[in-house]
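What follows is target_25.txt (compact mmCIF, N, CA and C atoms).
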```txt
# COMPACT_ATOMS: atom_id res chain seq x y z
N MET A 1427 5.27 -19.68 -17.49
CA MET A 1427 5.77 -19.99 -16.17
C MET A 1427 4.57 -20.10 -15.23
N SER A 1428 4.53 -21.15 -14.47
CA SER A 1428 3.41 -21.34 -13.56
C SER A 1428 3.74 -20.77 -12.17
N ILE A 1429 2.77 -20.84 -11.30
CA ILE A 1429 2.96 -20.32 -9.95
C ILE A 1429 4.02 -21.13 -9.21
N GLY A 1430 4.03 -22.44 -9.44
CA GLY A 1430 5.02 -23.30 -8.77
C GLY A 1430 6.45 -22.95 -9.14
N VAL A 1431 6.67 -22.68 -10.41
CA VAL A 1431 8.02 -22.30 -10.85
C VAL A 1431 8.41 -20.95 -10.25
N GLY A 1432 7.45 -20.03 -10.17
CA GLY A 1432 7.73 -18.73 -9.57
C GLY A 1432 8.09 -18.85 -8.10
N ILE A 1433 7.38 -19.69 -7.38
CA ILE A 1433 7.69 -19.91 -5.96
C ILE A 1433 9.06 -20.56 -5.81
N PHE A 1434 9.38 -21.51 -6.70
CA PHE A 1434 10.69 -22.17 -6.66
C PHE A 1434 11.80 -21.14 -6.89
N LEU A 1435 11.63 -20.26 -7.88
CA LEU A 1435 12.64 -19.24 -8.14
C LEU A 1435 12.79 -18.29 -6.96
N LEU A 1436 11.67 -17.93 -6.34
CA LEU A 1436 11.75 -17.09 -5.14
C LEU A 1436 12.53 -17.76 -4.03
N ALA A 1437 12.27 -19.04 -3.81
CA ALA A 1437 12.95 -19.76 -2.72
C ALA A 1437 14.44 -19.90 -3.00
N VAL A 1438 14.80 -20.30 -4.22
CA VAL A 1438 16.22 -20.45 -4.56
C VAL A 1438 16.92 -19.10 -4.50
N GLY A 1439 16.25 -18.07 -4.98
CA GLY A 1439 16.84 -16.73 -4.93
C GLY A 1439 17.05 -16.25 -3.51
N ALA A 1440 16.09 -16.52 -2.63
CA ALA A 1440 16.24 -16.11 -1.23
C ALA A 1440 17.38 -16.87 -0.56
N ILE A 1441 17.51 -18.13 -0.88
CA ILE A 1441 18.62 -18.91 -0.31
C ILE A 1441 19.95 -18.35 -0.78
N LEU A 1442 20.06 -18.07 -2.07
CA LEU A 1442 21.32 -17.53 -2.59
C LEU A 1442 21.59 -16.12 -2.05
N ALA A 1443 20.57 -15.32 -1.91
CA ALA A 1443 20.77 -13.93 -1.49
C ALA A 1443 21.07 -13.81 0.01
N PHE A 1444 20.43 -14.62 0.83
CA PHE A 1444 20.53 -14.41 2.27
C PHE A 1444 21.27 -15.49 3.03
N ALA A 1445 21.37 -16.70 2.50
CA ALA A 1445 21.94 -17.80 3.28
C ALA A 1445 23.33 -18.22 2.82
N VAL A 1446 23.66 -18.02 1.59
CA VAL A 1446 24.96 -18.48 1.07
C VAL A 1446 25.97 -17.37 1.26
N ARG A 1447 27.10 -17.71 1.88
CA ARG A 1447 28.15 -16.73 2.13
C ARG A 1447 29.40 -16.99 1.29
N ASP A 1448 29.35 -17.95 0.38
CA ASP A 1448 30.49 -18.19 -0.50
C ASP A 1448 30.60 -17.06 -1.51
N SER A 1449 31.80 -16.87 -1.99
CA SER A 1449 31.98 -15.86 -3.03
C SER A 1449 32.92 -16.39 -4.10
N TRP A 1450 32.59 -16.10 -5.31
CA TRP A 1450 33.45 -16.42 -6.43
C TRP A 1450 33.94 -15.12 -7.02
N ASP A 1451 35.04 -15.18 -7.71
CA ASP A 1451 35.56 -13.96 -8.32
C ASP A 1451 34.68 -13.48 -9.47
N ALA A 1452 34.12 -14.40 -10.23
CA ALA A 1452 33.38 -14.04 -11.43
C ALA A 1452 31.88 -13.80 -11.15
N VAL A 1453 31.32 -14.39 -10.08
CA VAL A 1453 29.88 -14.34 -9.85
C VAL A 1453 29.60 -13.87 -8.43
N ASP A 1454 28.72 -12.89 -8.30
CA ASP A 1454 28.25 -12.45 -6.99
C ASP A 1454 26.92 -13.17 -6.72
N LEU A 1455 26.93 -14.14 -5.82
CA LEU A 1455 25.76 -14.96 -5.58
C LEU A 1455 24.59 -14.18 -4.96
N THR A 1456 24.89 -13.11 -4.25
CA THR A 1456 23.83 -12.29 -3.69
C THR A 1456 23.02 -11.62 -4.80
N VAL A 1457 23.72 -11.10 -5.80
CA VAL A 1457 23.03 -10.46 -6.92
C VAL A 1457 22.25 -11.50 -7.72
N VAL A 1458 22.82 -12.68 -7.92
CA VAL A 1458 22.10 -13.75 -8.61
C VAL A 1458 20.84 -14.12 -7.85
N GLY A 1459 20.91 -14.16 -6.54
CA GLY A 1459 19.74 -14.45 -5.72
C GLY A 1459 18.65 -13.41 -5.87
N PHE A 1460 19.03 -12.13 -5.87
CA PHE A 1460 18.03 -11.07 -6.04
C PHE A 1460 17.42 -11.11 -7.43
N VAL A 1461 18.22 -11.43 -8.44
CA VAL A 1461 17.68 -11.54 -9.79
C VAL A 1461 16.68 -12.70 -9.88
N LEU A 1462 17.01 -13.83 -9.26
CA LEU A 1462 16.08 -14.96 -9.27
C LEU A 1462 14.80 -14.64 -8.51
N MET A 1463 14.91 -13.92 -7.41
CA MET A 1463 13.71 -13.53 -6.66
C MET A 1463 12.83 -12.60 -7.49
N ALA A 1464 13.44 -11.66 -8.21
CA ALA A 1464 12.66 -10.76 -9.06
C ALA A 1464 11.99 -11.53 -10.20
N ALA A 1465 12.72 -12.50 -10.79
CA ALA A 1465 12.14 -13.31 -11.86
C ALA A 1465 10.98 -14.15 -11.34
N GLY A 1466 11.10 -14.69 -10.14
CA GLY A 1466 10.01 -15.48 -9.55
C GLY A 1466 8.79 -14.63 -9.26
N ALA A 1467 8.99 -13.43 -8.71
CA ALA A 1467 7.85 -12.55 -8.43
C ALA A 1467 7.17 -12.12 -9.73
N LEU A 1468 7.96 -11.81 -10.74
CA LEU A 1468 7.38 -11.42 -12.03
C LEU A 1468 6.64 -12.60 -12.66
N GLY A 1469 7.18 -13.81 -12.52
CA GLY A 1469 6.51 -14.99 -13.05
C GLY A 1469 5.18 -15.26 -12.37
N ILE A 1470 5.12 -15.08 -11.06
CA ILE A 1470 3.86 -15.27 -10.34
C ILE A 1470 2.83 -14.23 -10.76
N ALA A 1471 3.26 -12.98 -10.89
CA ALA A 1471 2.34 -11.92 -11.31
C ALA A 1471 1.82 -12.18 -12.72
N LEU A 1472 2.69 -12.57 -13.62
CA LEU A 1472 2.26 -12.86 -14.99
C LEU A 1472 1.33 -14.07 -15.03
N SER A 1473 1.60 -15.05 -14.20
CA SER A 1473 0.76 -16.23 -14.16
C SER A 1473 -0.66 -15.87 -13.72
N PHE A 1474 -0.78 -15.03 -12.69
CA PHE A 1474 -2.11 -14.59 -12.25
C PHE A 1474 -2.81 -13.79 -13.34
N TYR A 1475 -2.06 -12.92 -14.01
CA TYR A 1475 -2.66 -12.09 -15.06
C TYR A 1475 -3.17 -12.95 -16.22
N ILE A 1476 -2.35 -13.89 -16.67
CA ILE A 1476 -2.73 -14.74 -17.80
C ILE A 1476 -3.91 -15.64 -17.42
N THR A 1477 -3.90 -16.18 -16.22
CA THR A 1477 -4.99 -17.05 -15.77
C THR A 1477 -6.30 -16.29 -15.70
N ASN A 1478 -6.28 -15.08 -15.16
CA ASN A 1478 -7.52 -14.31 -15.04
C ASN A 1478 -8.01 -13.82 -16.40
N ARG A 1479 -7.09 -13.54 -17.30
CA ARG A 1479 -7.49 -13.11 -18.64
C ARG A 1479 -8.13 -14.25 -19.41
N ARG A 1480 -7.64 -15.46 -19.21
CA ARG A 1480 -8.17 -16.63 -19.90
C ARG A 1480 -9.56 -16.99 -19.39
N ARG A 1481 -9.87 -16.68 -18.15
CA ARG A 1481 -11.15 -17.05 -17.56
C ARG A 1481 -12.29 -16.10 -17.91
N SER A 1482 -11.97 -14.95 -18.44
CA SER A 1482 -13.03 -13.99 -18.72
C SER A 1482 -13.94 -14.51 -19.83
N VAL A 1483 -15.24 -14.41 -19.59
CA VAL A 1483 -16.24 -14.93 -20.52
C VAL A 1483 -17.02 -13.74 -21.06
N PRO A 1484 -17.28 -13.71 -22.35
CA PRO A 1484 -18.08 -12.61 -22.87
C PRO A 1484 -19.45 -12.57 -22.22
N ASN A 1485 -19.96 -11.38 -22.04
CA ASN A 1485 -21.22 -11.19 -21.35
C ASN A 1485 -22.43 -11.49 -22.22
N GLU A 1486 -22.31 -11.28 -23.51
CA GLU A 1486 -23.44 -11.45 -24.40
C GLU A 1486 -23.51 -12.89 -24.89
N ALA A 1487 -24.33 -13.70 -24.21
CA ALA A 1487 -24.45 -15.11 -24.57
C ALA A 1487 -25.53 -15.33 -25.61
N LEU A 1488 -26.53 -14.46 -25.64
CA LEU A 1488 -27.64 -14.62 -26.57
C LEU A 1488 -27.56 -13.58 -27.68
N ASP A 1489 -28.06 -13.95 -28.81
CA ASP A 1489 -28.21 -13.01 -29.91
C ASP A 1489 -29.28 -11.99 -29.51
N PRO A 1490 -29.09 -10.70 -29.79
CA PRO A 1490 -30.09 -9.71 -29.37
C PRO A 1490 -31.50 -10.00 -29.89
N ALA A 1491 -31.61 -10.56 -31.10
CA ALA A 1491 -32.95 -10.88 -31.62
C ALA A 1491 -33.61 -11.99 -30.81
N VAL A 1492 -32.84 -12.99 -30.43
CA VAL A 1492 -33.37 -14.09 -29.63
C VAL A 1492 -33.74 -13.58 -28.24
N GLU A 1493 -32.92 -12.72 -27.68
CA GLU A 1493 -33.22 -12.17 -26.37
C GLU A 1493 -34.52 -11.37 -26.41
N GLU A 1494 -34.76 -10.64 -27.49
CA GLU A 1494 -36.01 -9.89 -27.63
C GLU A 1494 -37.21 -10.83 -27.69
N GLU A 1495 -37.06 -11.98 -28.34
CA GLU A 1495 -38.14 -12.98 -28.38
C GLU A 1495 -38.48 -13.45 -26.97
N TYR A 1496 -37.45 -13.75 -26.17
CA TYR A 1496 -37.70 -14.20 -24.80
C TYR A 1496 -38.40 -13.13 -23.98
N ARG A 1497 -38.03 -11.87 -24.18
CA ARG A 1497 -38.69 -10.80 -23.45
C ARG A 1497 -40.16 -10.72 -23.80
N VAL A 1498 -40.49 -10.85 -25.07
CA VAL A 1498 -41.88 -10.78 -25.51
C VAL A 1498 -42.67 -11.94 -24.92
N VAL A 1499 -42.10 -13.14 -24.91
CA VAL A 1499 -42.79 -14.31 -24.37
C VAL A 1499 -43.01 -14.13 -22.87
N GLU A 1500 -42.02 -13.63 -22.14
CA GLU A 1500 -42.19 -13.44 -20.70
C GLU A 1500 -43.26 -12.40 -20.41
N GLU A 1501 -43.30 -11.33 -21.18
CA GLU A 1501 -44.32 -10.31 -20.95
C GLU A 1501 -45.71 -10.87 -21.22
N ASP A 1502 -45.87 -11.66 -22.29
CA ASP A 1502 -47.16 -12.27 -22.59
C ASP A 1502 -47.57 -13.24 -21.49
N HIS A 1503 -46.61 -13.97 -20.95
CA HIS A 1503 -46.88 -14.94 -19.91
C HIS A 1503 -47.39 -14.25 -18.64
N ARG A 1504 -46.86 -13.10 -18.32
CA ARG A 1504 -47.31 -12.37 -17.13
C ARG A 1504 -48.74 -11.86 -17.30
N ASP A 1505 -49.09 -11.48 -18.50
CA ASP A 1505 -50.45 -11.00 -18.75
C ASP A 1505 -51.48 -12.10 -18.53
N VAL A 1506 -51.13 -13.34 -18.86
CA VAL A 1506 -52.05 -14.45 -18.74
C VAL A 1506 -52.30 -14.76 -17.27
N LYS A 1507 -51.30 -14.68 -16.41
CA LYS A 1507 -51.47 -15.01 -14.99
C LYS A 1507 -52.37 -14.01 -14.27
N GLU A 1508 -52.35 -12.79 -14.66
CA GLU A 1508 -53.12 -11.77 -13.94
C GLU A 1508 -54.54 -11.93 -14.28
```
Spell out the structure here as structure tokens.
Amino acid sequence: MSIGVGIFLLAVGAILAFAVRDSWDAVDLTVVGFVLMAAGALGIALSFYITNRRRSVPNEALDPAVEEEYRVVEEDHRDVKE
């Protein structure tokens, strides 16, 4: 569920919960509206969680042995400049 679908569910749920005054014997539209609003809020929260989890990049980009080579080269390079 994307953020747009969550916002849509929130809007439809709010309309059903607060603006519609019709009543049916089998369905309480106010409760349906609150359920849709809860589903929309949960969908938005899950969408943010999944998006942020997917964007996380591992911190270790270099192999430790290669990184040690770069450190040695940089240290040697500093000695030459002085």
- Item | Selection near region 1434-1442 of chain A, 5 Å with only N, CA and C atoms, sequence-local residues under 3 positions removed, as a list in words |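 Result of the neighbour search: Gly1430, Val1431, Ala1445, Val1446, Leu1455, Thr1456, Gly1459, Leu1462, Met1463 and Gly1466 of chain A.
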Applying 8 Å and only C-alpha atoms, which residues near Gly1432 (chain A) remain after dropping the ones on its own chain fewer than 5 positions away? List them as a PDB file with N, CA and C atoms, in the coordinates of the input.
```pdb
ATOM      1  N   MET A1427       5.270 -19.680 -17.490  1.00  0.00           N
ATOM      2  CA  MET A1427       5.770 -19.990 -16.170  1.00  0.00           C
ATOM      3  C   MET A1427       4.570 -20.100 -15.230  1.00  0.00           C
ATOM      4  N   ALA A1465      12.720 -12.500 -10.790  1.00  0.00           N
ATOM      5  CA  ALA A1465      12.140 -13.310 -11.860  1.00  0.00           C
ATOM      6  C   ALA A1465      10.980 -14.150 -11.340  1.00  0.00           C
ATOM      7  N   GLY A1466      11.100 -14.690 -10.140  1.00  0.00           N
ATOM      8  CA  GLY A1466      10.010 -15.480  -9.550  1.00  0.00           C
ATOM      9  C   GLY A1466       8.790 -14.630  -9.260  1.00  0.00           C
ATOM     10  N   ALA A1467       8.990 -13.430  -8.710  1.00  0.00           N
ATOM     11  CA  ALA A1467       7.850 -12.550  -8.430  1.00  0.00           C
ATOM     12  C   ALA A1467       7.170 -12.120  -9.730  1.00  0.00           C
ATOM     13  N   LEU A1468       7.960 -11.810 -10.740  1.00  0.00           N
ATOM     14  CA  LEU A1468       7.380 -11.420 -12.030  1.00  0.00           C
ATOM     15  C   LEU A1468       6.640 -12.600 -12.660  1.00  0.00           C
ATOM     16  N   GLY A1469       7.180 -13.810 -12.520  1.00  0.00           N
ATOM     17  CA  GLY A1469       6.510 -14.990 -13.050  1.00  0.00           C
ATOM     18  C   GLY A1469       5.180 -15.260 -12.370  1.00  0.00           C
ATOM     19  N   ILE A1470       5.120 -15.080 -11.060  1.00  0.00           N
ATOM     20  CA  ILE A1470       3.860 -15.270 -10.340  1.00  0.00           C
ATOM     21  C   ILE A1470       2.830 -14.230 -10.760  1.00  0.00           C
TER      22      ILE A1470
END
```
- Task: Could you tell me how far CA of Thr1477 (chain A) lies from CA of Val1458 (chain A), in Å and to one decimal?
- Result: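 Spanning CA of Thr1477 (chain A) to CA of Val1458 (chain A) is a straight-line distance of 28.2 Å.
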- CA of Ala1464 (chain A) to atom C of Ile1429 (chain A): how many Å, to one decimal?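 Separating CA of Ala1464 (chain A) from atom C of Ile1429 (chain A) is a distance of 13.5 Å.
Reported to one decimal place, the separation of CA of Ser1428 (chain A) from CA of Val1461 (chain A) is 17.7 Å.
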